[in-house]
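Worksheet for the structure shown next.
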Amino acid sequence: MKKILVALLALAMVFTLVSCNKSSSSKVLVGVSMPTQSLQRWNQDGSNMVSQLKSAGYDSILQYANNDVTTQVQQIENMITKGCKILVIAAIDGSSMTDVLATAAKNNVKVIAYDRLIMQTPNVDYYATFDNYKVGQLQGKYIVDQLKLDSASGPFNIEIFAGSPDDNNAKFFFNGAMDVLKPYISSGKLVIKSGQKDFNVVAITSWTSATAQSRMDNLITANYANGTKLDAILSPNDSIAIGIVASLQSHNYGTADKPYPILTGQDCDKPNVKAVLAGQQSMSIFKDTRKLASETVTMITAMEKAQTPETNDSKTYNNGVKVVPTELLTPVFVDKSNYKSILIDSGYYKLSDIQ
């Protein structure tokens, strides 16, 4: 009798192990490709994605490409080879994915563009992002409100920066802001002393802080060295803003006689929130990456069940080959007046993170 019980228990253990292995191996594998670890926001995006995928029962591969297009393409190829059934891609260069995503399609791999639209390919299924045009509008409106352009006589001096030309979002940010600011530029209430306002002239490749700092140095030397006041600077994101702040500091801004100009940003990176609290940067756009990860995982779950994910924009985001169904989240601005309720009370940061 004991021998029979032992044999039954052994069979039960084998069955349990087989069942567990079958369950584990049946999990859908999701590849998450992020552009770089050099910026705080992408580290948070990657961490949020892996955490929420795990909570939803998915296995994942997360890789960062160090802002190198070839590396990102190779990493995505490896994800396909390793059996990823869904890819979540924040592309370094939105137009560099055509061939690798053709390979993905041949292997029945679904693709979600994450916060950056993937261009010139039919093989991107959905796009999860924030309302990037709205980001620019918020930045432009902040400048309008802070300078009181609708009531003050002016004129006020402003300089314009834009993001990286290979990032499709950069043009949405730029157009959103400029559509707000153009009437005041046309009327002469806002003056661009350098005359530099075309996207291709003011764009900062790879969103690099050092490049932004160098350009700001040149703008100050050429246009503001004689004491001419600089009232505002449109910066599309925080990495560019931090370079601008460094330039302003090196030119002795931040005194009663030479105050910091109004300066916009985006992402609410910790150093930039500190700069906002110190009065060096005026505001930053907050895009809650926890919510973006959550929406992306919701899309993945629908796709895995052969359902159509819910999206709220089916017209705006044309990648040159197709209009990509998009889920847009709403950004908000953060400054000294509201940072605590938005960043601290929500649990996004601890107060000690930004002190």
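Every chain in the structure tokens takes a letter, A first, then B, and so on in the order presented; its residues are numbered from 1, and the ligands are numbered from 1 following the presented order.
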With a distance cut-off of 10 Å and only C-alpha atoms, select the neighbouring residues of Val69 of chain A, excluding the residue or stretch itself and same-chain residues fewer than 3 positions from it, and output the selection as an mmCIF file with C-alpha atoms, in the first residue's frame.
data_model
loop_
_atom_site.group_PDB
_atom_site.id
_atom_site.type_symbol
_atom_site.label_atom_id
_atom_site.label_comp_id
_atom_site.auth_asym_id
_atom_site.auth_seq_id
_atom_site.Cartn_x
_atom_site.Cartn_y
_atom_site.Cartn_z
ATOM 1 C CA PRO A 35 16.091 54.444 -26.735
ATOM 2 C CA ALA A 65 19.888 51.065 -27.273
ATOM 3 C CA ASN A 66 22.140 53.886 -26.027
ATOM 4 C CA GLN A 72 18.108 49.268 -31.477
ATOM 5 C CA VAL A 73 17.383 47.468 -34.746
ATOM 6 C CA GLN A 74 19.646 44.570 -33.730
ATOM 7 C CA GLN A 75 17.985 44.354 -30.322
ATOM 8 C CA ALA A 91 12.118 54.473 -31.582
ATOM 9 C CA ILE A 92 15.331 56.494 -31.645
ATOM 10 C CA ASP A 93 14.753 57.318 -35.292
ATOM 11 C CA GLY A 94 11.124 56.901 -36.275
ATOM 12 C CA SER A 96 14.630 53.432 -39.246
ATOM 13 C CA MET A 97 12.343 50.496 -38.503
#
**OP:** Pick out each residue of segment 174-306 of chain A that DSSP on the backbone tags as strand (DSSP E); I need them as number ranges by chain.
**Re:** A: 190-191, 232-234, 262-263, 284-286
**OP:** Would you kindly return, as a list in words, each protein, DNA or RNA residue with an atom no farther than 9 Å from any atom of Asp335 of chain A, considering only C-alpha atoms and excluding same-chain residues fewer than 6 positions away?
**Re:** Val273, Val276, Leu277, Gln281, Ser282, Met283, Ser284 and Ile285 of chain A
Taking N, CA and C atoms for each residue, export the selection above as a short mmCIF file (atom, residue, chain, number, x, y, z; two decimals), in the first residue's frame.
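File written: selection07.cif
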data_model
loop_
_atom_site.label_atom_id
_atom_site.label_comp_id
_atom_site.auth_asym_id
_atom_site.auth_seq_id
_atom_site.Cartn_x
_atom_site.Cartn_y
_atom_site.Cartn_z
N VAL A 273 12.91 69.59 -11.96
CA VAL A 273 11.97 70.00 -10.92
C VAL A 273 12.72 70.81 -9.86
N VAL A 276 13.12 74.16 -11.27
CA VAL A 276 11.87 74.92 -11.17
C VAL A 276 11.73 75.52 -9.78
N LEU A 277 12.00 74.72 -8.76
CA LEU A 277 11.87 75.20 -7.39
C LEU A 277 12.91 76.27 -7.06
N GLN A 281 14.27 77.36 -13.95
CA GLN A 281 13.36 76.92 -15.01
C GLN A 281 11.95 77.22 -14.51
N SER A 282 11.08 77.63 -15.40
CA SER A 282 9.76 78.10 -14.96
C SER A 282 8.76 76.97 -14.80
N MET A 283 8.78 76.03 -15.71
CA MET A 283 7.78 74.96 -15.70
C MET A 283 8.29 73.75 -16.45
N SER A 284 7.58 72.65 -16.28
CA SER A 284 7.85 71.46 -17.07
C SER A 284 6.52 70.74 -17.29
N ILE A 285 6.37 70.14 -18.46
CA ILE A 285 5.16 69.37 -18.74
C ILE A 285 5.29 68.00 -18.09
#
**OP:** Grab the atom CA of Asp145 of chain A to atom CA of Gln249 of chain A distance for me, in Å with one decimal place.
**Re:** 24.6 Å
Original post:
So how many Å separate atom CA of Asp198 of chain A and atom CA of Ala246 of chain A, to one decimal?
Top reply: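 Between atom CA of Asp198 of chain A and atom CA of Ala246 of chain A the gap is 23.8 Å.
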